[in-house]
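Participant: One file is attached below, my_file_21.cif, containing mmCIF, C-alpha atoms and all ligand atoms.
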```
data_start
#
loop_
_atom_site.label_atom_id
_atom_site.label_comp_id
_atom_site.auth_asym_id
_atom_site.auth_seq_id
_atom_site.Cartn_x
_atom_site.Cartn_y
_atom_site.Cartn_z
CA MET A 1 -8.23 -35.92 -18.34
CA ASN A 2 -8.62 -36.48 -14.60
CA THR A 3 -4.98 -35.47 -14.06
CA ALA A 4 -5.34 -32.36 -16.25
CA ILE A 5 -8.33 -31.18 -14.19
CA ASN A 6 -6.32 -31.72 -11.01
CA GLU A 7 -3.42 -29.78 -12.53
CA LEU A 8 -5.61 -26.86 -13.57
CA ILE A 9 -7.21 -26.72 -10.12
CA GLN A 10 -3.74 -26.67 -8.52
CA TYR A 11 -2.74 -23.89 -10.93
CA GLY A 12 -5.83 -21.89 -9.90
CA LEU A 13 -4.88 -22.32 -6.22
CA ASP A 14 -1.22 -21.43 -6.84
CA CYS A 15 -2.21 -18.24 -8.70
CA HIS A 16 -4.90 -17.32 -6.14
CA LEU A 17 -7.63 -17.40 -8.78
CA ILE A 18 -9.58 -19.76 -6.52
CA GLN A 19 -9.47 -20.68 -2.81
CA GLU A 20 -9.76 -24.13 -1.20
CA ASP A 21 -13.50 -23.59 -0.68
CA ASP A 22 -13.94 -23.13 -4.45
CA VAL A 23 -12.29 -26.40 -5.49
CA ASP A 24 -15.33 -28.71 -5.75
CA TYR A 25 -17.30 -26.01 -7.54
CA ALA A 26 -14.50 -25.41 -10.08
CA VAL A 27 -13.99 -29.15 -10.64
CA ASN A 28 -17.67 -29.60 -11.41
CA LEU A 29 -17.71 -26.72 -13.86
CA LEU A 30 -14.69 -28.19 -15.69
CA MET A 31 -16.28 -31.67 -15.75
CA ASP A 32 -19.40 -30.20 -17.29
CA LEU A 33 -17.46 -28.50 -20.09
CA LEU A 34 -15.36 -31.61 -20.75
CA GLN A 35 -18.47 -33.84 -20.59
CA MET A 36 -17.04 -36.06 -17.87
CA ASN A 37 -19.09 -37.87 -15.27
CA ASP A 38 -16.41 -39.04 -12.86
CA PHE A 39 -13.51 -37.42 -11.02
CA HIS A 40 -11.07 -38.29 -8.28
CA LYS A 41 -8.60 -36.07 -6.51
CA GLU A 42 -4.91 -36.53 -7.30
CA GLU A 43 -1.98 -35.01 -5.50
CA ILE A 44 -0.30 -32.48 -7.81
CA ILE A 45 3.14 -31.35 -6.73
CA SER A 46 3.64 -28.30 -8.89
CA ASN A 47 3.97 -24.64 -8.37
CA ARG A 48 4.41 -23.81 -12.03
CA LYS A 49 2.39 -20.71 -12.76
CA GLU A 50 1.77 -21.73 -16.31
CA CYS A 51 -1.54 -23.02 -17.60
CA THR A 52 -0.90 -23.32 -21.35
CA PRO A 53 0.37 -26.96 -21.31
CA ILE A 54 -2.63 -28.02 -19.20
CA LEU A 55 -5.08 -26.20 -21.46
CA GLU A 56 -3.47 -27.81 -24.52
CA LYS A 57 -4.14 -31.26 -23.07
CA MET A 58 -7.76 -30.30 -22.45
CA LEU A 59 -8.16 -28.81 -25.94
CA ASN A 60 -6.76 -31.94 -27.58
CA TYR A 61 -9.16 -34.03 -25.52
CA ALA A 62 -12.10 -31.79 -26.49
CA VAL A 63 -11.20 -32.18 -30.18
CA GLU A 64 -10.82 -35.97 -29.84
CA GLN A 65 -14.19 -36.22 -28.09
CA GLY A 66 -15.87 -34.09 -30.76
CA ILE A 67 -16.75 -31.35 -28.24
CA ILE A 68 -15.09 -28.73 -30.46
CA GLU A 69 -13.59 -28.61 -33.95
CA ASP A 70 -9.85 -28.43 -34.46
CA SER A 71 -9.46 -24.71 -35.29
CA ILE A 72 -7.72 -21.82 -33.56
CA VAL A 73 -10.92 -19.83 -33.06
CA GLU A 74 -12.84 -22.77 -31.57
CA LYS A 75 -9.89 -23.64 -29.34
CA ASP A 76 -9.54 -20.02 -28.16
CA LEU A 77 -13.26 -19.86 -27.37
CA PHE A 78 -13.10 -23.16 -25.50
CA ASP A 79 -9.97 -22.57 -23.43
CA THR A 80 -11.47 -19.23 -22.30
CA ARG A 81 -14.57 -21.14 -21.13
CA LEU A 82 -12.25 -23.53 -19.28
CA MET A 83 -10.44 -20.65 -17.55
CA ASN A 84 -13.80 -19.11 -16.64
CA CYS A 85 -14.24 -22.05 -14.24
CA LEU A 86 -11.41 -20.58 -12.14
CA MET A 87 -12.32 -16.90 -12.36
CA PRO A 88 -13.30 -14.76 -9.37
CA ARG A 89 -16.51 -12.73 -9.84
CA PRO A 90 -15.98 -9.19 -11.19
CA SER A 91 -16.99 -7.62 -7.85
CA GLU A 92 -14.40 -9.74 -5.99
CA VAL A 93 -11.68 -8.49 -8.36
CA VAL A 94 -12.74 -4.86 -7.83
CA LYS A 95 -12.77 -5.36 -4.04
CA THR A 96 -9.31 -6.99 -4.02
CA PHE A 97 -7.94 -4.25 -6.28
CA HIS A 98 -9.09 -1.58 -3.82
CA GLU A 99 -7.63 -3.51 -0.87
CA HIS A 100 -4.26 -3.55 -2.67
CA TYR A 101 -4.62 0.13 -3.56
CA LEU A 102 -4.67 0.93 0.17
CA HIS A 103 -1.07 -0.36 0.29
CA SER A 104 -0.02 1.43 -2.90
CA PRO A 105 -1.17 2.06 -6.48
CA GLN A 106 1.63 -0.28 -7.65
CA ALA A 107 0.33 -3.09 -5.44
CA ALA A 108 -3.11 -2.66 -7.01
CA THR A 109 -1.88 -2.69 -10.62
CA ASN A 110 0.51 -5.58 -9.88
CA TYR A 111 -2.39 -7.61 -8.54
CA PHE A 112 -4.60 -6.76 -11.53
CA TYR A 113 -1.90 -7.30 -14.15
CA ASN A 114 -0.97 -10.68 -12.65
CA LEU A 115 -4.64 -11.66 -12.56
CA SER A 116 -5.00 -10.70 -16.24
CA THR A 117 -2.04 -12.96 -17.06
CA TYR A 118 -2.87 -15.90 -14.78
CA SER A 119 -6.42 -15.91 -16.11
CA HIS A 120 -4.97 -16.41 -19.62
CA TYR A 121 -6.76 -13.20 -20.74
CA ILE A 122 -3.25 -12.06 -21.67
CA ARG A 123 -1.98 -15.07 -23.58
CA LYS A 124 1.59 -14.80 -22.39
CA ASP A 125 2.71 -17.81 -24.44
CA ARG A 126 1.80 -15.74 -27.52
CA THR A 127 2.85 -12.26 -26.41
CA ASP A 128 6.26 -13.70 -25.45
CA LEU A 129 6.78 -14.39 -29.17
CA ASN A 130 6.89 -10.64 -29.92
CA ILE A 131 10.33 -9.30 -30.73
CA GLN A 132 11.31 -5.99 -29.14
CA PHE A 133 14.52 -4.03 -29.34
CA GLN A 134 15.86 -0.49 -29.29
CA LYS A 135 17.80 1.21 -32.03
CA TYR A 136 19.43 4.60 -31.95
CA TYR A 137 18.10 6.95 -34.58
CA LYS A 138 18.64 10.70 -34.86
CA TYR A 139 15.90 11.53 -32.31
CA GLY A 140 17.20 9.05 -29.70
CA ASN A 141 16.60 5.38 -29.04
CA ILE A 142 13.47 4.24 -30.82
CA ASP A 143 11.53 1.10 -29.86
CA ILE A 144 10.98 -1.49 -32.53
CA THR A 145 8.39 -4.19 -31.94
CA ILE A 146 7.60 -7.04 -34.27
CA ASN A 147 4.19 -8.31 -33.34
CA LEU A 148 4.01 -12.07 -33.73
CA SER A 149 1.34 -12.76 -31.12
CA LYS A 150 -1.87 -12.47 -33.10
CA PRO A 151 -2.51 -15.91 -34.60
CA GLU A 152 -3.35 -16.21 -38.28
CA LYS A 153 -6.99 -17.06 -38.71
CA ASP A 154 -7.95 -20.41 -40.16
CA PRO A 155 -9.81 -20.05 -43.52
CA LYS A 156 -12.56 -22.28 -42.08
CA ASP A 157 -13.06 -19.82 -39.22
CA ILE A 158 -13.08 -16.84 -41.60
CA ALA A 159 -15.81 -18.55 -43.62
CA LYS A 160 -17.85 -19.19 -40.43
CA ALA A 161 -17.38 -15.57 -39.32
CA LYS A 162 -18.98 -14.39 -42.55
CA LEU A 163 -22.10 -16.42 -41.80
CA ILE A 164 -22.61 -14.78 -38.39
CA LYS A 165 -25.19 -12.06 -38.23
CA THR A 166 -23.94 -9.61 -35.62
CA SER A 167 -26.46 -8.47 -33.05
CA GLY A 168 -24.55 -5.30 -32.22
CA TYR A 169 -23.99 -6.52 -28.65
CA PRO A 170 -21.52 -5.63 -27.26
CA LYS A 171 -21.34 -2.48 -29.38
CA CYS A 172 -17.54 -2.73 -29.71
CA LEU A 173 -14.48 -4.51 -28.34
CA LEU A 174 -14.03 -1.87 -25.64
CA CYS A 175 -17.54 -1.75 -24.18
CA LYS A 176 -17.82 -2.85 -20.56
CA GLU A 177 -20.42 -5.44 -21.61
CA ASN A 178 -17.54 -7.59 -22.89
CA VAL A 179 -16.88 -8.81 -19.34
CA GLY A 180 -17.96 -12.46 -19.34
CA PHE A 181 -18.98 -12.40 -23.01
CA SER A 182 -18.78 -15.86 -24.59
CA GLY A 183 -17.45 -14.67 -27.96
CA ASP A 184 -18.12 -16.14 -31.40
CA PHE A 185 -16.36 -16.46 -34.75
CA GLN A 186 -16.05 -12.66 -34.94
CA LEU A 187 -15.64 -11.45 -31.36
CA PRO A 188 -13.17 -12.94 -28.86
CA ALA A 189 -14.36 -14.78 -25.77
CA ARG A 190 -14.07 -12.62 -22.68
CA GLN A 191 -15.22 -14.79 -19.77
CA ASN A 192 -11.78 -14.28 -18.22
CA HIS A 193 -11.82 -10.51 -18.75
CA ARG A 194 -12.09 -8.18 -15.75
CA ILE A 195 -12.25 -4.37 -15.52
CA ILE A 196 -11.82 -1.91 -12.65
CA PRO A 197 -14.04 1.18 -12.31
CA ILE A 198 -12.00 4.39 -12.07
CA ASP A 199 -13.23 7.89 -11.27
CA LEU A 200 -11.54 10.46 -13.50
CA ASN A 201 -12.45 13.92 -12.33
CA GLY A 202 -16.05 12.86 -11.69
CA ALA A 203 -16.43 10.83 -14.92
CA LYS A 204 -16.75 7.05 -14.83
CA TYR A 205 -14.11 5.09 -16.70
CA TYR A 206 -12.77 1.53 -16.47
CA LEU A 207 -9.24 0.17 -16.38
CA GLN A 208 -8.31 -2.99 -18.26
CA TYR A 209 -5.16 -4.44 -19.77
CA SER A 210 -4.58 -4.90 -23.48
CA PRO A 211 -4.46 -8.61 -24.33
CA TYR A 212 -1.69 -7.85 -26.85
CA VAL A 213 0.81 -6.16 -24.47
CA TYR A 214 2.52 -3.85 -26.96
CA TYR A 215 4.69 -2.61 -24.05
CA ASN A 216 5.02 -3.22 -20.32
CA GLU A 217 1.64 -3.35 -18.50
CA HIS A 218 -0.10 -1.90 -21.55
CA CYS A 219 -3.45 -0.77 -20.18
CA ILE A 220 -6.59 0.75 -21.65
CA VAL A 221 -8.85 3.19 -19.81
CA PHE A 222 -12.27 3.41 -21.42
CA ASN A 223 -15.46 5.39 -20.94
CA GLU A 224 -18.42 3.70 -19.26
CA GLU A 225 -20.50 4.73 -22.29
CA HIS A 226 -19.98 3.81 -25.94
CA ILE A 227 -19.33 7.39 -27.06
CA SER A 228 -16.94 8.75 -29.69
CA MET A 229 -13.34 9.72 -29.06
CA VAL A 230 -12.91 13.43 -28.51
CA ILE A 231 -9.98 15.61 -27.51
CA ASN A 232 -11.12 18.55 -25.37
CA GLU A 233 -10.58 20.16 -21.99
CA GLN A 234 -12.11 17.16 -20.18
CA THR A 235 -9.66 14.83 -21.95
CA PHE A 236 -6.72 16.72 -20.42
CA GLN A 237 -8.41 16.68 -17.00
CA HIS A 238 -9.09 12.94 -17.24
CA LEU A 239 -5.52 12.09 -18.22
CA LEU A 240 -4.07 14.10 -15.33
CA SER A 241 -6.57 12.66 -12.87
CA PHE A 242 -5.44 9.16 -13.87
CA VAL A 243 -1.69 9.75 -13.51
CA GLU A 244 -2.38 11.42 -10.17
CA GLN A 245 -4.04 8.21 -8.97
CA PHE A 246 -1.50 5.92 -10.68
CA PRO A 247 1.73 7.95 -10.70
CA HIS A 248 3.80 4.98 -11.92
CA TYR A 249 1.75 4.81 -15.14
CA MET A 250 1.67 7.12 -18.16
CA LEU A 251 -1.60 7.69 -20.02
CA GLY A 252 -2.16 9.13 -23.47
CA SER A 253 -5.03 9.53 -25.83
CA ASN A 254 -5.07 8.73 -29.48
CA ALA A 255 -6.19 11.65 -31.61
CA ASP A 256 -9.89 11.95 -32.40
CA LEU A 257 -9.59 12.15 -36.20
CA PRO A 258 -9.22 9.29 -38.69
CA ILE A 259 -5.78 8.38 -40.11
CA VAL A 260 -3.89 10.04 -37.24
CA GLY A 261 -6.29 8.67 -34.61
CA GLY A 262 -6.75 5.29 -32.96
CA SER A 263 -8.23 2.23 -34.59
CA ILE A 264 -11.41 2.50 -32.47
CA LEU A 265 -12.73 6.06 -32.79
CA THR A 266 -16.27 5.08 -31.77
CA HIS A 267 -15.45 4.45 -28.11
CA ASP A 268 -13.74 7.10 -25.97
CA HIS A 269 -10.59 5.52 -24.51
CA PHE A 270 -6.98 6.14 -23.50
CA GLN A 271 -3.91 3.94 -23.53
CA GLY A 272 -1.26 3.78 -20.85
CA GLY A 273 1.05 1.58 -18.89
CA CYS A 274 4.18 1.21 -16.83
CA TYR A 275 6.50 2.19 -19.63
CA GLU A 276 8.87 4.95 -20.60
CA PHE A 277 8.37 5.68 -24.29
CA PRO A 278 11.24 7.15 -26.32
CA ILE A 279 9.44 10.51 -26.51
CA GLU A 280 9.89 10.87 -22.74
CA SER A 281 13.66 11.16 -23.11
CA ALA A 282 13.61 13.35 -26.24
CA ASP A 283 15.99 16.30 -26.24
CA VAL A 284 14.61 19.77 -25.63
CA VAL A 285 15.11 22.35 -28.38
CA LYS A 286 13.79 25.40 -26.59
CA THR A 287 12.35 26.32 -23.16
CA PHE A 288 9.81 29.06 -22.40
CA TYR A 289 8.28 30.60 -19.28
CA PHE A 290 5.15 32.75 -19.55
CA ALA A 291 3.93 35.17 -16.88
CA THR A 292 0.36 33.94 -17.44
CA TYR A 293 1.48 30.41 -16.42
CA PRO A 294 3.73 31.25 -13.43
CA HIS A 295 4.47 27.66 -12.32
CA MET A 296 4.82 26.06 -15.73
CA LYS A 297 7.79 25.12 -17.89
CA ILE A 298 7.06 24.93 -21.62
CA GLU A 299 9.44 23.02 -23.87
CA ILE A 300 9.68 22.25 -27.56
CA LEU A 301 11.01 18.74 -28.19
CA LYS A 302 13.41 17.47 -30.79
CA TRP A 303 11.01 14.91 -32.17
CA PRO A 304 9.78 13.87 -35.65
CA LEU A 305 6.29 15.14 -34.76
CA SER A 306 5.87 18.74 -33.54
CA THR A 307 5.59 18.36 -29.78
CA ILE A 308 5.13 20.84 -26.93
CA ARG A 309 5.88 19.61 -23.41
CA VAL A 310 4.42 21.32 -20.36
CA THR A 311 5.44 20.58 -16.77
CA SER A 312 3.90 22.06 -13.62
CA ALA A 313 2.94 21.19 -10.06
CA ASN A 314 -0.34 22.94 -10.83
CA LYS A 315 -2.76 20.68 -12.74
CA ASP A 316 -5.12 23.52 -13.70
CA GLU A 317 -2.34 25.41 -15.44
CA ILE A 318 -1.63 22.45 -17.67
CA VAL A 319 -5.31 21.96 -18.51
CA ARG A 320 -5.68 25.67 -19.31
CA PHE A 321 -2.56 25.74 -21.50
CA ALA A 322 -3.45 22.48 -23.30
CA SER A 323 -6.99 23.73 -24.03
CA GLN A 324 -5.70 27.05 -25.38
CA THR A 325 -3.12 25.29 -27.53
CA LEU A 326 -5.76 22.89 -28.86
CA GLN A 327 -8.09 25.75 -29.81
CA ALA A 328 -5.26 27.70 -31.47
CA TRP A 329 -3.92 24.66 -33.35
CA LYS A 330 -7.39 23.63 -34.57
CA HIS A 331 -7.57 26.85 -36.59
CA TYR A 332 -3.92 27.12 -37.57
CA SER A 333 -2.90 26.95 -41.24
CA HIS A 334 0.47 27.37 -42.91
CA PRO A 335 -0.13 26.54 -46.58
CA SER A 336 3.53 26.68 -47.64
CA LEU A 337 4.17 23.84 -45.14
CA ASP A 338 1.04 21.98 -46.36
CA ILE A 339 -0.72 22.64 -43.03
CA VAL A 340 -4.37 23.44 -43.72
CA SER A 341 -6.75 23.38 -40.76
CA HIS A 342 -10.00 22.78 -42.68
CA THR A 343 -11.14 21.55 -46.09
CA ALA A 344 -14.64 22.97 -46.49
CA GLU A 345 -16.20 22.08 -43.10
CA THR A 346 -13.91 19.13 -42.36
CA PRO A 347 -11.35 19.76 -39.60
CA HIS A 348 -7.82 18.37 -39.99
CA ASN A 349 -5.96 19.55 -36.89
CA THR A 350 -6.00 17.86 -33.51
CA ILE A 351 -3.68 16.89 -30.67
CA THR A 352 -2.38 13.63 -29.26
CA PRO A 353 -1.86 14.29 -25.51
CA ILE A 354 0.33 12.09 -23.31
CA ALA A 355 0.36 12.58 -19.53
CA ARG A 356 2.73 11.39 -16.81
CA MET A 357 4.00 12.36 -13.37
CA LYS A 358 7.61 13.52 -13.37
CA ASN A 359 9.39 14.32 -10.08
CA GLN A 360 6.03 14.90 -8.34
CA GLN A 361 4.98 17.31 -11.08
CA TYR A 362 2.36 16.84 -13.78
CA GLN A 363 3.74 16.60 -17.29
CA MET A 364 1.95 16.52 -20.61
CA ASP A 365 3.24 16.20 -24.14
CA LEU A 366 1.00 17.82 -26.75
CA VAL A 367 1.70 16.33 -30.17
CA LEU A 368 0.28 18.44 -32.98
CA ARG A 369 -1.44 16.34 -35.65
CA ASN A 370 -2.94 17.01 -39.08
CA ASN A 371 -4.76 14.30 -41.03
CA ARG A 372 -5.06 15.96 -44.44
CA THR A 373 -4.48 13.79 -47.51
CA SER A 374 -3.39 14.77 -51.02
CA GLU A 375 -3.28 13.11 -54.40
CA LYS A 376 0.38 12.33 -53.83
CA TYR A 377 -0.19 11.08 -50.27
CA PRO A 378 -3.67 9.52 -50.13
CA ASP A 379 -2.92 7.94 -46.74
CA GLY A 380 -1.97 11.22 -45.08
CA ILE A 381 0.55 13.96 -45.82
CA PHE A 382 1.94 13.83 -42.26
CA HIS A 383 1.72 10.09 -41.86
CA PRO A 384 3.80 7.08 -42.89
CA HIS A 385 3.89 7.19 -46.66
CA GLN A 386 3.28 4.17 -48.84
CA ASN A 387 6.95 3.20 -49.10
CA LEU A 388 6.86 2.41 -45.34
CA HIS A 389 3.54 0.59 -45.19
CA HIS A 390 5.15 -2.84 -45.18
CA ILE A 391 6.49 -1.84 -41.75
CA LYS A 392 3.66 0.18 -40.24
CA LYS A 393 0.67 2.18 -41.37
CA LYS A 394 -0.03 3.78 -38.01
CA ILE A 395 2.27 5.87 -35.84
CA LEU A 396 2.30 5.22 -32.12
CA VAL A 397 3.77 8.43 -30.70
ZN ZN B 1 -17.92 0.46 -27.16
#
```
Represent the supplied structure as C-alpha cells.
Facilitator:
Amino acid sequence: MNTAINELIQYGLDCHLIQEDDVDYAVNLLMDLLQMNDFHKEEIISNRKECTPILEKMLNYAVEQGIIEDSIVEKDLFDTRLMNCLMPRPSEVVKTFHEHYLHSPQAATNYFYNLSTYSHYIRKDRTDLNIQFQKYYKYGNIDITINLSKPEKDPKDIAKAKLIKTSGYPKCLLCKENVGFSGDFQLPARQNHRIIPIDLNGAKYYLQYSPYVYYNEHCIVFNEEHISMVINEQTFQHLLSFVEQFPHYMLGSNADLPIVGGSILTHDHFQGGCYEFPIESADVVKTFYFATYPHMKIEILKWPLSTIRVTSANKDEIVRFASQTLQAWKHYSHPSLDIVSHTAETPHNTITPIARMKNQQYQMDLVLRNNRTSEKYPDGIFHPHQNLHHIKKKILV
C-alpha cells in the first residue's frame, strides 16, 4: 500500500491537484483512511494522468482489511474519500478559474473540466464505455448514444438504501450543498465535486460538469436556491447572459412541465457544453423579417419538433421575441392537430429554449412543447410512444 500512496501523490502532483507543500498533508490523510501507521517516500517515475488503477489497488486493500465491504456503492463512496485527500479547497478552484478566465473563457472551462476529470468526479474509465455515433436520418445527422457508464447497483446496496432514512439534506442532487458531501447508499459521494459561481444577469447561478458526460464538456448551470424550474423572460435572459460569457458553449433549458421537461423539475437548472447538437445544423424551411424586430432573423427549422430560430446581435430583441412567443404558445390550441393548451386549469404548452453564439450574434432555438396525454398515448401525445420506450423515454432536443 505504501507504493500505491506514493503513486497517488505523484498523480496529484502531475495533475496539479496538489503542490509540493501539500504532500505530507495529503499522505497523512490517505494513511488515516487506509488505517496505516507507517509510510516512507518512494520515487515514482510516472506521468500517467490516470488514477483508476491506483484507486483499484487501494479499494482491494480496503476490502481485504475489512475497512469497507466489497460492493460498488461502498467502493464508490470510499474512492471519493480517497480522492478528497488530493482536492483543492472550493475557494482555490474558484480563484484559479477566474485567473484562467482572464486569459480566455476557454482556458477557464478547460481548467475546470480537466479538474473535474482528474479529481475522478467524472469517472472517465466509465464514461469512456459509452458508445456514440452519428446516423443520417431525414432531418440530418442524428446523434446516437448508448449509455453504459452507470454501474448496475448491487442488490445488497439496494437493500441498504431502503433502510436509510433521508434527512432531506441536501435537498436534491443539484443543490450547492452537495460540494464535499460524503454520500450514502442513496446519494453519491461528492467530496471531489466543485462548482463555480456565475452571475447571470444579476442572478446567482453555479457551473458544474455532469458526471455522466452525455456529450463533450456536458455542463450544468444551476440556481443558488432550490427553486422549481420555470421558463419565463428571465430564463431567456439567463441563457443569453451565459453564452455571452462563455461563447464557446451552448446552453439550453429543459421545459418546465412533466413528461416533456427534465428529470429534476424541483431545482431550476440549465444544461450546456462545448458541443454542436444536430439541431444546430438543421435545414431552414422558411425565413421571416419583422419591422418590429429590425435586427432579427426568424427561421422555421426542418426538425421533428416545431422549432423557431431567432438570430440577432441585439440580445433584448431575442428576449422580447421569445417572451412574446412563449405567451402566445401557452394559450394556443389547434384541436384538429391534438394541440390543446389547457385541460381544466392544467397548462400543457411550454418551450424548450436553446441558446448559443453564432458568428458574434446571439441565437436561440425555441422548441414548442405540449405535454398532454390521451388514453391512446398515456406517456404523452407528442412524446416517444410506447413502441420506442426500449430505446428512450425522454427526448433530448
Ligand atoms: Zn436542489
Participant: Got a sec: who's within 6 Å of segment 198-204 of chain A, counting only C-alpha atoms, leaving out chain neighbours fewer than 2 positions off, as a compact mmCIF listing (two decimals) with C-alpha atoms, in the frame of the given file?
Facilitator:
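Output file result.txt follows:
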```txt
# COMPACT_ATOMS: atom_id res chain seq x y z
CA TYR A 206 -12.77 1.53 -16.47
CA GLU A 224 -18.42 3.70 -19.26
CA HIS A 238 -9.09 12.94 -17.24
CA SER A 241 -6.57 12.66 -12.87
```
Participant: Hey, what's within 8 Å of segment 284-286 of chain A if we count only C-alpha atoms and toss same-chain stuff fewer than 4 positions away? As a list in words, please?
Facilitator: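 Contacts, with the query itself left out: Glu299, Ile300, Leu301 and Lys302 of chain A.
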Participant: Check which residues fall inside 8 Å of ligand ZN 1 (chain B) when counting all atoms listed in the file, and print them as a short mmCIF file (atom, residue, chain, number, x, y, z; two decimals) with C-alpha atoms, in the frame of the given file.
Facilitator:
```
data_model
loop_
_atom_site.label_atom_id
_atom_site.label_comp_id
_atom_site.auth_asym_id
_atom_site.auth_seq_id
_atom_site.Cartn_x
_atom_site.Cartn_y
_atom_site.Cartn_z
CA PRO A 170 -21.52 -5.63 -27.26
CA LYS A 171 -21.34 -2.48 -29.38
CA CYS A 172 -17.54 -2.73 -29.71
CA LEU A 173 -14.48 -4.51 -28.34
CA LEU A 174 -14.03 -1.87 -25.64
CA CYS A 175 -17.54 -1.75 -24.18
CA LYS A 176 -17.82 -2.85 -20.56
CA GLU A 225 -20.50 4.73 -22.29
CA HIS A 226 -19.98 3.81 -25.94
CA ILE A 227 -19.33 7.39 -27.06
CA THR A 266 -16.27 5.08 -31.77
CA HIS A 267 -15.45 4.45 -28.11
CA ASP A 268 -13.74 7.10 -25.97
#
```
Participant: Counting all atoms listed in the file, which residue out of A:Phe242, A:Tyr214, A:Tyr11, A:Phe277 sits closest to Arg126 of chain A?
Facilitator: A:Tyr214
Participant: To one decimal in Å, tell me the separation between atom CA of Leu30 of chain A and atom CA of Ala159 of chain A.
Facilitator: 29.6 Å
Participant: Please identify all polymer residues within 9 Å of segment 304-306 of chain A, counting all atoms listed in the file, omitting same-chain residues fewer than 5 positions from it, and present them as a ChimeraX atom specification.
Facilitator: /A:139,366-369,382,397
Participant: So how many Å separate atom CA of Ile259 of chain A and atom CA of Thr346 of chain A, to one decimal?
Facilitator: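 Between atom CA of Ile259 of chain A and atom CA of Thr346 of chain A the gap is 13.7 Å.
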Participant: Residues of segment 253-335 of chain A that have any atom at most 12 Å from an atom of segment 215-222 of chain A: could you tabulate them with the shortest-distance atom pair and the distance in Å to one decimal, using only C-alpha atoms, ordered by chain and increasing number, as JSON lines?
Facilitator:
```
{"residue": "A:Ser253", "atom": "CA", "partner": "A:Val221", "partner_atom": "CA", "distance": 9.5}
{"residue": "A:Asn254", "atom": "CA", "partner": "A:Ile220", "partner_atom": "CA", "distance": 11.3}
{"residue": "A:Ile264", "atom": "CA", "partner": "A:Phe222", "partner_atom": "CA", "distance": 11.1}
{"residue": "A:Leu265", "atom": "CA", "partner": "A:Phe222", "partner_atom": "CA", "distance": 11.7}
{"residue": "A:Thr266", "atom": "CA", "partner": "A:Phe222", "partner_atom": "CA", "distance": 11.2}
{"residue": "A:His267", "atom": "CA", "partner": "A:Phe222", "partner_atom": "CA", "distance": 7.5}
{"residue": "A:Asp268", "atom": "CA", "partner": "A:Phe222", "partner_atom": "CA", "distance": 6.0}
{"residue": "A:His269", "atom": "CA", "partner": "A:Phe222", "partner_atom": "CA", "distance": 4.1}
{"residue": "A:Phe270", "atom": "CA", "partner": "A:Val221", "partner_atom": "CA", "distance": 5.1}
{"residue": "A:Gln271", "atom": "CA", "partner": "A:Ile220", "partner_atom": "CA", "distance": 4.6}
{"residue": "A:Gly272", "atom": "CA", "partner": "A:Cys219", "partner_atom": "CA", "distance": 5.1}
{"residue": "A:Gly273", "atom": "CA", "partner": "A:His218", "partner_atom": "CA", "distance": 4.5}
{"residue": "A:Cys274", "atom": "CA", "partner": "A:Glu217", "partner_atom": "CA", "distance": 5.5}
{"residue": "A:Tyr275", "atom": "CA", "partner": "A:Asn216", "partner_atom": "CA", "distance": 5.7}
{"residue": "A:Glu276", "atom": "CA", "partner": "A:Asn216", "partner_atom": "CA", "distance": 9.0}
{"residue": "A:Phe277", "atom": "CA", "partner": "A:Tyr215", "partner_atom": "CA", "distance": 9.1}
{"residue": "A:Pro278", "atom": "CA", "partner": "A:Tyr215", "partner_atom": "CA", "distance": 12.0}
```
Participant: Can you work out the spacing between atom CA of Ser312 of chain A and atom CA of Phe236 of chain A in Å, to one decimal?
Facilitator: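 Between atom CA of Ser312 of chain A and atom CA of Phe236 of chain A the gap works out to 13.7 Å.
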Participant: So which residues touch Leu33 of chain A within 12 Å, counting only C-alpha atoms, skipping near sequence neighbours fewer than 3 positions away, as a list in words?
Facilitator: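 Here the answer would be Met1, Ile5, Ala26, Val27, Asn28, Leu29, Leu30, Met36, Asn37, Met58, Leu59, Tyr61, Ala62, Gln65, Ile67, Ile68, Phe78, Asp79, Thr80, Arg81, Leu82, Met83, Asn84 and Cys85 of chain A.
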Participant: The selected residues should be written to file as a short mmCIF file (atom, residue, chain, number, x, y, z; two decimals), in the coordinates of the input (atoms: C-alpha atoms).
Facilitator:
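Wrote it out as result-v3.cif, contents follow:
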```cif
data_model
loop_
_atom_site.label_atom_id
_atom_site.label_comp_id
_atom_site.auth_asym_id
_atom_site.auth_seq_id
_atom_site.Cartn_x
_atom_site.Cartn_y
_atom_site.Cartn_z
CA MET A 1 -8.23 -35.92 -18.34
CA ILE A 5 -8.33 -31.18 -14.19
CA ALA A 26 -14.50 -25.41 -10.08
CA VAL A 27 -13.99 -29.15 -10.64
CA ASN A 28 -17.67 -29.60 -11.41
CA LEU A 29 -17.71 -26.72 -13.86
CA LEU A 30 -14.69 -28.19 -15.69
CA MET A 36 -17.04 -36.06 -17.87
CA ASN A 37 -19.09 -37.87 -15.27
CA MET A 58 -7.76 -30.30 -22.45
CA LEU A 59 -8.16 -28.81 -25.94
CA TYR A 61 -9.16 -34.03 -25.52
CA ALA A 62 -12.10 -31.79 -26.49
CA GLN A 65 -14.19 -36.22 -28.09
CA ILE A 67 -16.75 -31.35 -28.24
CA ILE A 68 -15.09 -28.73 -30.46
CA PHE A 78 -13.10 -23.16 -25.50
CA ASP A 79 -9.97 -22.57 -23.43
CA THR A 80 -11.47 -19.23 -22.30
CA ARG A 81 -14.57 -21.14 -21.13
CA LEU A 82 -12.25 -23.53 -19.28
CA MET A 83 -10.44 -20.65 -17.55
CA ASN A 84 -13.80 -19.11 -16.64
CA CYS A 85 -14.24 -22.05 -14.24
#
```
Participant: Skip segment 14-17 of chain A itself and residues of its chain fewer than 5 positions away, then list as a list in words all residues within 10 Å of it, counting all atoms listed in the file.
Facilitator: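 Contacts, in chain order: Leu8, Ile9, Asp22, Ser46, Asn47, Arg48, Lys49, Glu50, Met83, Cys85, Leu86, Met87, Pro88, Val93, Asn114, Leu115, Thr117, Tyr118 and Ser119 of chain A.
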Participant: Which residue, A:Lys41, A:Thr287, A:Ile72, A:Thr373, has the smallest gap to Asn6 of chain A when you use all atoms listed in the file?
Facilitator: A:Lys41
Participant: First collect every listed atom of segment 356-359 of chain A; then fit an axis-aligned box around them, widen it by 6 Å on each side, and give centre and edge lengths in Å to one decimal, as AutoDock Vina command-line options.
Facilitator:
```
--center_x 6.1 --center_y 12.9 --center_z -13.4 --size_x 18.7 --size_y 14.9 --size_z 18.7
```
